[in-house]
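Novice: Data: final05.cif, mmCIF, C-alpha atoms and all ligand atoms.
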data_protein
#
loop_
_atom_site.label_atom_id
_atom_site.label_comp_id
_atom_site.auth_asym_id
_atom_site.auth_seq_id
_atom_site.Cartn_x
_atom_site.Cartn_y
_atom_site.Cartn_z
CA MET E 1 101.48 108.80 79.75
CA PRO E 2 103.99 110.00 82.33
CA PHE E 3 104.23 106.78 84.35
CA ASN E 4 104.87 103.44 82.66
CA LEU E 5 104.40 99.90 83.84
CA PRO E 6 107.95 98.55 84.15
CA ASP E 7 108.53 95.11 82.63
CA LEU E 8 109.04 92.19 85.00
CA PRO E 9 112.79 91.59 85.39
CA TYR E 10 112.25 87.92 84.36
CA PRO E 11 109.69 85.94 82.35
CA ALA E 12 106.34 85.34 84.11
CA GLU E 13 107.11 81.62 84.54
CA ALA E 14 110.63 82.21 85.91
CA LEU E 15 109.63 81.89 89.57
CA GLU E 16 107.77 78.59 89.17
CA PRO E 17 107.06 76.38 91.02
CA TYR E 18 107.12 78.88 93.89
CA ILE E 19 105.04 81.61 92.24
CA SER E 20 103.04 80.55 89.19
CA ALA E 21 103.02 82.33 85.83
CA ASP E 22 99.28 82.87 86.43
CA THR E 23 99.92 84.71 89.68
CA LEU E 24 102.73 86.82 88.25
CA GLY E 25 100.75 87.51 85.07
CA TYR E 26 97.71 88.82 86.97
CA HIS E 27 99.74 90.53 89.64
CA HIS E 28 101.90 92.45 87.18
CA GLY E 29 99.60 92.72 84.16
CA LYS E 30 96.37 93.51 86.03
CA HIS E 31 97.08 94.74 89.57
CA HIS E 32 100.33 96.65 89.06
CA ALA E 33 99.10 97.92 85.67
CA ALA E 34 95.87 99.20 87.27
CA TYR E 35 97.79 101.26 89.85
CA VAL E 36 99.87 102.86 87.08
CA ASP E 37 96.79 103.53 84.91
CA LYS E 38 94.81 105.03 87.81
CA LEU E 39 97.74 107.22 88.78
CA ASN E 40 98.05 108.52 85.22
CA GLY E 41 94.32 109.28 85.21
CA LEU E 42 94.48 111.08 88.55
CA LEU E 43 97.52 113.15 87.54
CA ALA E 44 96.39 114.09 84.02
CA GLY E 45 97.09 117.80 83.63
CA SER E 46 98.76 118.07 87.07
CA HIS E 47 102.29 119.40 87.63
CA LEU E 48 102.91 116.12 89.50
CA ALA E 49 102.74 114.19 86.23
CA ASP E 50 106.31 115.33 85.48
CA ARG E 51 107.75 114.16 88.80
CA THR E 52 109.23 110.83 89.84
CA LEU E 53 107.06 108.38 91.77
CA GLU E 54 109.12 109.08 94.91
CA GLU E 55 108.51 112.82 94.55
CA VAL E 56 104.77 112.30 94.08
CA ILE E 57 104.59 110.04 97.15
CA ILE E 58 106.43 112.54 99.35
CA GLU E 59 104.44 115.52 98.07
CA VAL E 60 100.97 114.03 98.74
CA LYS E 61 101.64 111.75 101.70
CA ASP E 62 100.18 114.02 104.39
CA ASP E 63 97.21 115.28 102.40
CA PRO E 64 94.05 113.21 103.00
CA LYS E 65 92.40 114.86 99.98
CA ARG E 66 95.06 113.30 97.76
CA ALA E 67 94.89 109.81 99.32
CA ALA E 68 93.96 108.21 95.99
CA ILE E 69 97.08 109.68 94.36
CA PHE E 70 99.16 108.49 97.30
CA ASN E 71 97.73 104.97 97.24
CA ASN E 72 98.24 104.46 93.51
CA ALA E 73 101.69 106.08 93.40
CA ALA E 74 102.84 104.10 96.44
CA GLN E 75 101.50 100.84 95.04
CA ALA E 76 103.17 101.54 91.68
CA TRP E 77 106.48 102.09 93.53
CA ASN E 78 106.07 99.14 95.92
CA HIS E 79 105.34 96.67 93.11
CA ALA E 80 108.23 97.83 90.89
CA PHE E 81 110.48 97.30 93.94
CA TYR E 82 108.96 93.93 94.86
CA TRP E 83 109.63 92.38 91.41
CA LYS E 84 113.31 93.22 91.79
CA CYS E 85 113.42 91.65 95.27
CA MET E 86 112.87 88.20 93.74
CA THR E 87 114.93 86.06 91.38
CA PRO E 88 114.92 82.45 90.18
CA LYS E 89 117.16 80.35 92.48
CA GLY E 90 117.12 83.08 95.10
CA GLY E 91 116.52 82.99 98.82
CA GLY E 92 118.46 81.37 101.60
CA ARG E 93 121.31 82.95 103.49
CA PRO E 94 122.87 86.13 102.11
CA THR E 95 126.61 86.74 101.82
CA GLY E 96 128.46 90.03 101.35
CA GLU E 97 127.90 93.19 103.35
CA ILE E 98 124.17 92.50 103.79
CA GLY E 99 124.92 89.03 105.19
CA LYS E 100 127.38 90.49 107.71
CA ARG E 101 125.01 93.29 108.71
CA ILE E 102 122.08 90.90 109.21
CA ASP E 103 124.24 88.59 111.33
CA ALA E 104 125.42 91.49 113.46
CA GLU E 105 122.20 93.47 113.81
CA PHE E 106 119.72 90.60 114.19
CA ARG E 107 122.13 88.31 116.07
CA GLY E 108 122.13 85.76 113.30
CA PHE E 109 120.30 85.04 110.08
CA GLU E 110 117.78 82.69 111.74
CA ASN E 111 116.57 85.51 113.98
CA PHE E 112 116.25 87.81 110.99
CA ARG E 113 114.35 85.15 109.12
CA SER E 114 111.88 84.47 111.91
CA GLN E 115 111.33 88.19 112.58
CA PHE E 116 110.74 88.96 108.90
CA ALA E 117 108.35 85.99 108.59
CA ALA E 118 106.48 87.13 111.70
CA ALA E 119 106.13 90.67 110.34
CA ALA E 120 104.85 89.37 106.99
CA SER E 121 102.49 86.81 108.47
CA GLY E 122 101.30 89.08 111.25
CA GLN E 123 100.42 92.09 109.09
CA PHE E 124 96.63 92.30 109.53
CA GLY E 125 94.90 92.42 106.16
CA SER E 126 96.68 93.76 103.09
CA GLY E 127 100.16 95.20 103.24
CA TRP E 128 103.88 94.68 102.95
CA ALA E 129 106.80 93.39 105.03
CA TRP E 130 110.07 95.27 104.66
CA LEU E 131 113.72 95.26 105.55
CA VAL E 132 114.71 98.91 105.66
CA LEU E 133 117.67 101.07 106.62
CA ASP E 134 116.39 103.52 109.25
CA HIS E 135 118.95 106.06 110.47
CA GLY E 136 121.75 103.68 109.48
CA GLN E 137 120.24 100.63 111.21
CA LEU E 138 118.63 97.60 109.64
CA ARG E 139 115.02 97.28 110.73
CA ILE E 140 112.10 95.01 109.87
CA THR E 141 108.78 96.78 109.42
CA ALA E 142 105.31 96.01 108.12
CA THR E 143 103.07 98.54 106.40
CA SER E 144 99.34 98.49 105.82
CA ASN E 145 97.72 98.70 102.38
CA ALA E 146 99.85 101.01 100.18
CA LEU E 147 102.02 102.58 102.88
CA THR E 148 105.65 102.61 101.76
CA PRO E 149 109.05 103.29 103.37
CA VAL E 150 109.43 106.08 100.78
CA ALA E 151 106.81 108.02 102.77
CA GLN E 152 108.42 107.13 106.11
CA GLY E 153 111.92 108.37 105.32
CA HIS E 154 113.37 104.84 105.37
CA HIS E 155 115.54 103.28 102.67
CA ALA E 156 113.80 100.13 101.44
CA LEU E 157 116.13 97.15 101.05
CA LEU E 158 113.71 94.22 100.66
CA THR E 159 109.96 93.73 100.52
CA CYS E 160 107.41 90.94 100.46
CA ASP E 161 103.93 91.76 99.14
CA VAL E 162 101.40 90.19 101.51
CA TRP E 163 98.25 91.34 99.75
CA GLU E 164 96.21 88.21 98.98
CA HIS E 165 96.58 88.86 95.23
CA ALA E 166 100.30 88.03 95.64
CA TYR E 167 99.71 84.43 96.74
CA TYR E 168 96.06 83.38 96.74
CA LEU E 169 96.08 81.45 93.42
CA ASP E 170 99.10 79.42 94.55
CA TYR E 171 98.70 79.21 98.33
CA GLN E 172 95.02 80.16 98.97
CA ASN E 173 94.90 81.49 102.55
CA ARG E 174 98.30 80.00 103.55
CA ARG E 175 100.26 83.25 103.73
CA VAL E 176 102.77 81.64 106.10
CA ASP E 177 103.72 79.10 103.41
CA TYR E 178 104.14 81.82 100.76
CA VAL E 179 106.38 83.84 103.08
CA GLU E 180 108.50 80.76 103.84
CA VAL E 181 108.97 80.08 100.13
CA PHE E 182 109.76 83.75 99.52
CA LEU E 183 112.58 83.62 102.10
CA GLU E 184 113.84 80.16 101.17
CA ASN E 185 113.68 80.30 97.36
CA LEU E 186 113.05 83.77 95.97
CA VAL E 187 114.86 86.65 97.71
CA ASN E 188 117.28 88.42 95.38
CA TRP E 189 120.02 89.13 97.91
CA ARG E 190 122.23 90.68 95.24
CA PHE E 191 119.54 93.36 94.71
CA VAL E 192 119.23 93.84 98.49
CA GLU E 193 123.02 94.31 98.70
CA GLU E 194 122.84 96.95 95.94
CA GLN E 195 120.09 98.79 97.82
CA LEU E 196 122.16 98.76 101.01
CA LYS E 197 125.18 100.22 99.21
CA ALA E 198 123.02 102.84 97.46
CA ALA E 199 121.37 103.81 100.77
CA GLU E 200 124.76 104.13 102.49
CA SER E 201 126.17 106.31 99.71
CA ARG E 202 123.08 108.55 99.80
CA ALA E 203 123.48 108.86 103.58
CA THR E 204 127.17 109.78 103.16
CA ALA E 205 126.35 112.38 100.50
CA ALA E 206 123.55 113.96 102.60
FE FE M 1 100.59 93.31 94.98
#
The structure given in the file should be rewritten as C-alpha cells.
Specialist:
Amino acid sequence: MPFNLPDLPYPAEALEPYISADTLGYHHGKHHAAYVDKLNGLLAGSHLADRTLEEVIIEVKDDPKRAAIFNNAAQAWNHAFYWKCMTPKGGGRPTGEIGKRIDAEFRGFENFRSQFAAAASGQFGSGWAWLVLDHGQLRITATSNALTPVAQGHHALLTCDVWEHAYYLDYQNRRVDYVEVFLENLVNWRFVEEQLKAAESRATAA
C-alpha cells in the first residue's frame, strides 16, 4: 500500500480530559484510516500511487472527475497535520518567533485567538480552521470539507478540525467549547513554530 496511516504522535488518552481516548481512537483509527484506505483503493495501479500526498493533491485539485481522489488525499494530509498541531499541556500564548509574529500581525494574541475561534466556529458544516503563511503574511482561513491549504498555495502552520467527528462524543453540538479548549489547552506551538521556520526557508529557497 503506497500510503500509510501515520501513528498518533501521542497515546490516544494523552489529550484527556480535553479530547477523550474514544474520540481520538475513532477519529484516527476509523475516520483517518478510512481516508487512507479509500485513497489507496482509488490509486491502485495509478502513477499517482508513487507520489507524495502533497503531489497528489496538487495534481488532481482542479479536476472534478478526480474529486474523490482529492477529497481522500486532502483528508489524509489534513488529519496527519492536525494530530501534530496538538500536544498534552499545550495551548495558551505562544513564545518564540510565532509569538512575536502573531502579536505584530494580529495586534496581539487576544485578537488572534478571537479571530481563529470565530473562523472555526463560523465554518458552516464540516471543515477546518487554519493559520497559514500566505505570501509571507500570517492569515487565518477556514476551508470547507476536505479543502486544504496545500491546494491553495498556502503554507499551513496550525489547524483545528471542525468536522463533528472531531468533537461530538465529548462536546456534542458545542463546537465553540471544543475550539476554546483547543486554543487554551491543546495547541502545540512548538510544532507551529517549526512550520513557520520551514515555510520561511522554503520561501527563501524558491
Ligand atoms: Fe477529522
Novice: Would you kindly return, as a list in words, each protein, DNA or RNA residue with an atom no farther than 12 Å from any atom of E:Glu16, considering all atoms listed in the file and excluding same-chain residues fewer than 6 positions away?
Specialist: Tyr10, Asp22, Thr23, Leu24, Met86, Thr87, Pro88, Lys89, Gly90, Asp170, Val181, Phe182, Asn185 and Leu186 of chain E
Novice: Throw together the list of residues within 10 Å of ligand FE 1 (chain M), counting all atoms listed in the file, and drop it here as a CSV table (one decimal) with C-alpha atoms, in the coordinates of the input.
Specialist:
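Listed below is the output, pocket.csv:
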chain,number,residue,atom,x,y,z
E,24,LEU,CA,102.7,86.8,88.2
E,26,TYR,CA,97.7,88.8,87.0
E,27,HIS,CA,99.7,90.5,89.6
E,28,HIS,CA,101.9,92.4,87.2
E,30,LYS,CA,96.4,93.5,86.0
E,31,HIS,CA,97.1,94.7,89.6
E,32,HIS,CA,100.3,96.6,89.1
E,35,TYR,CA,97.8,101.3,89.8
E,75,GLN,CA,101.5,100.8,95.0
E,76,ALA,CA,103.2,101.5,91.7
E,78,ASN,CA,106.1,99.1,95.9
E,79,HIS,CA,105.3,96.7,93.1
E,80,ALA,CA,108.2,97.8,90.9
E,82,TYR,CA,109.0,93.9,94.9
E,83,TRP,CA,109.6,92.4,91.4
E,126,SER,CA,96.7,93.8,103.1
E,127,GLY,CA,100.2,95.2,103.2
E,128,TRP,CA,103.9,94.7,103.0
E,145,ASN,CA,97.7,98.7,102.4
E,146,ALA,CA,99.8,101.0,100.2
E,160,CYS,CA,107.4,90.9,100.5
E,161,ASP,CA,103.9,91.8,99.1
E,162,VAL,CA,101.4,90.2,101.5
E,163,TRP,CA,98.2,91.3,99.8
E,164,GLU,CA,96.2,88.2,99.0
E,165,HIS,CA,96.6,88.9,95.2
E,166,ALA,CA,100.3,88.0,95.6
E,167,TYR,CA,99.7,84.4,96.7
Novice: List every residue of stretch 14-117 of chain E that has an atom at most 7 Å from any atom of stretch 147-153 of chain E, and for each one report the closest atom pair and its distance in Å to one decimal, counting only C-alpha atoms, with rows sorted by chain and then by increasing residue number, as a tab-separated table.
Specialist:
residue	atom	partner	partner_atom	distance
E:Glu54	CA	E:Val150	CA	6.6
E:Ile57	CA	E:Ala151	CA	6.4
E:Ile58	CA	E:Ala151	CA	5.7
E:Lys61	CA	E:Ala151	CA	6.5
E:Ala74	CA	E:Thr148	CA	6.2
E:Asn78	CA	E:Thr148	CA	6.8
Novice: Produce a file of the selected residues containing C-alpha atoms, as a CSV table (one decimal), in the coordinates of the input.
Specialist:
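The result, stored in out.csv:
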chain,number,residue,atom,x,y,z
E,54,GLU,CA,109.1,109.1,94.9
E,57,ILE,CA,104.6,110.0,97.2
E,58,ILE,CA,106.4,112.5,99.4
E,61,LYS,CA,101.6,111.8,101.7
E,74,ALA,CA,102.8,104.1,96.4
E,78,ASN,CA,106.1,99.1,95.9
Novice: Would you mind telling me which residue in E:Gln195, E:Arg190, E:Glu97, E:Pro64 lies nearest to E:Leu131 when using all atoms listed in the file?
Specialist: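 Looking only at the distances to E:Leu131, the closest residue turns out to be E:Gln195.
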Novice: Rank nothing, just name the residue among E:Thr204, E:Asn71, E:Asn188, E:Asn4 nearest to E:Gly91, using only C-alpha atoms.
Specialist: E:Asn188
Novice: I'd like the contact shell of E:Ile98 - 10 Å cut-off, only C-alpha atoms, skipping same-chain residues fewer than 3 positions apart - returned as a ChimeraX atom specification.
Specialist: /E:93-95,101-104,138,157,189-190,192-197
Novice: Just to confirm, what's the straight-line distance from atom CA of E:Arg175 to atom CA of E:Phe116 in Å (one decimal)?
Specialist: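 Pair atom CA of E:Arg175 / atom CA of E:Phe116 returns 13.0 Å.
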Novice: With all atoms listed in the file as the counted atoms, please give the residues lying no more than 9 Å from E:Leu133, apart from itself and same-chain residues fewer than 2 positions off, as a PyMOL selection string.
Specialist: chain E and resi 131+135-140+154-157+196+199-200
Novice: Looking at all atoms listed in the file, which of E:Gly25, E:Pro11, E:Gly41, E:Gly99 is the one that sits closest to E:Ile69?
Specialist: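 That would be E:Gly41, the residue with the smallest distance to E:Ile69.
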Novice: When distances are computed from only C-alpha atoms, which of E:Ala68, E:Phe81, E:Gly45, E:Lys100 shows the smallest separation from E:Pro6?
Specialist: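 Nearest to E:Pro6: E:Phe81.
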Novice: Counting all atoms listed in the file, which of E:Ala33, E:Leu8, E:Leu39, E:Ala67 gets nearest to E:Ala21?
Specialist: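 Using all atoms listed in the file, the shortest distance to E:Ala21 belongs to E:Leu8.
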Novice: Name the closest residue to E:Leu53 among the candidates E:Phe106, E:Trp77, E:Phe70, E:Phe112; distances are taken between atoms, counting all atoms listed in the file.
Specialist: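 Checking each of E:Phe106, E:Trp77, E:Phe70, E:Phe112 against E:Leu53, counting all atoms listed in the file, the winner is E:Trp77.
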Novice: Find the distance between atom CA of E:Leu158 and atom CA of E:Val132 and write it in Å to one decimal.
Specialist: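 Computed distance, atom CA of E:Leu158 to atom CA of E:Val132, equals 6.9 Å.
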Novice: So what do you get for atom CA of E:Ala203 versus atom CA of E:Leu48, distance-wise?
Specialist: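 Here the two named atoms are 26.0 Å from each other.
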Novice: Which residues are close to E:Asp177, i.e. within 12 Å by all atoms listed in the file, leaving aside same-chain residues fewer than 6 positions away? Reply as number ranges by chain.
Specialist: E: 18-19, 117-118, 120-121, 162, 167-168, 170-171, 183-185
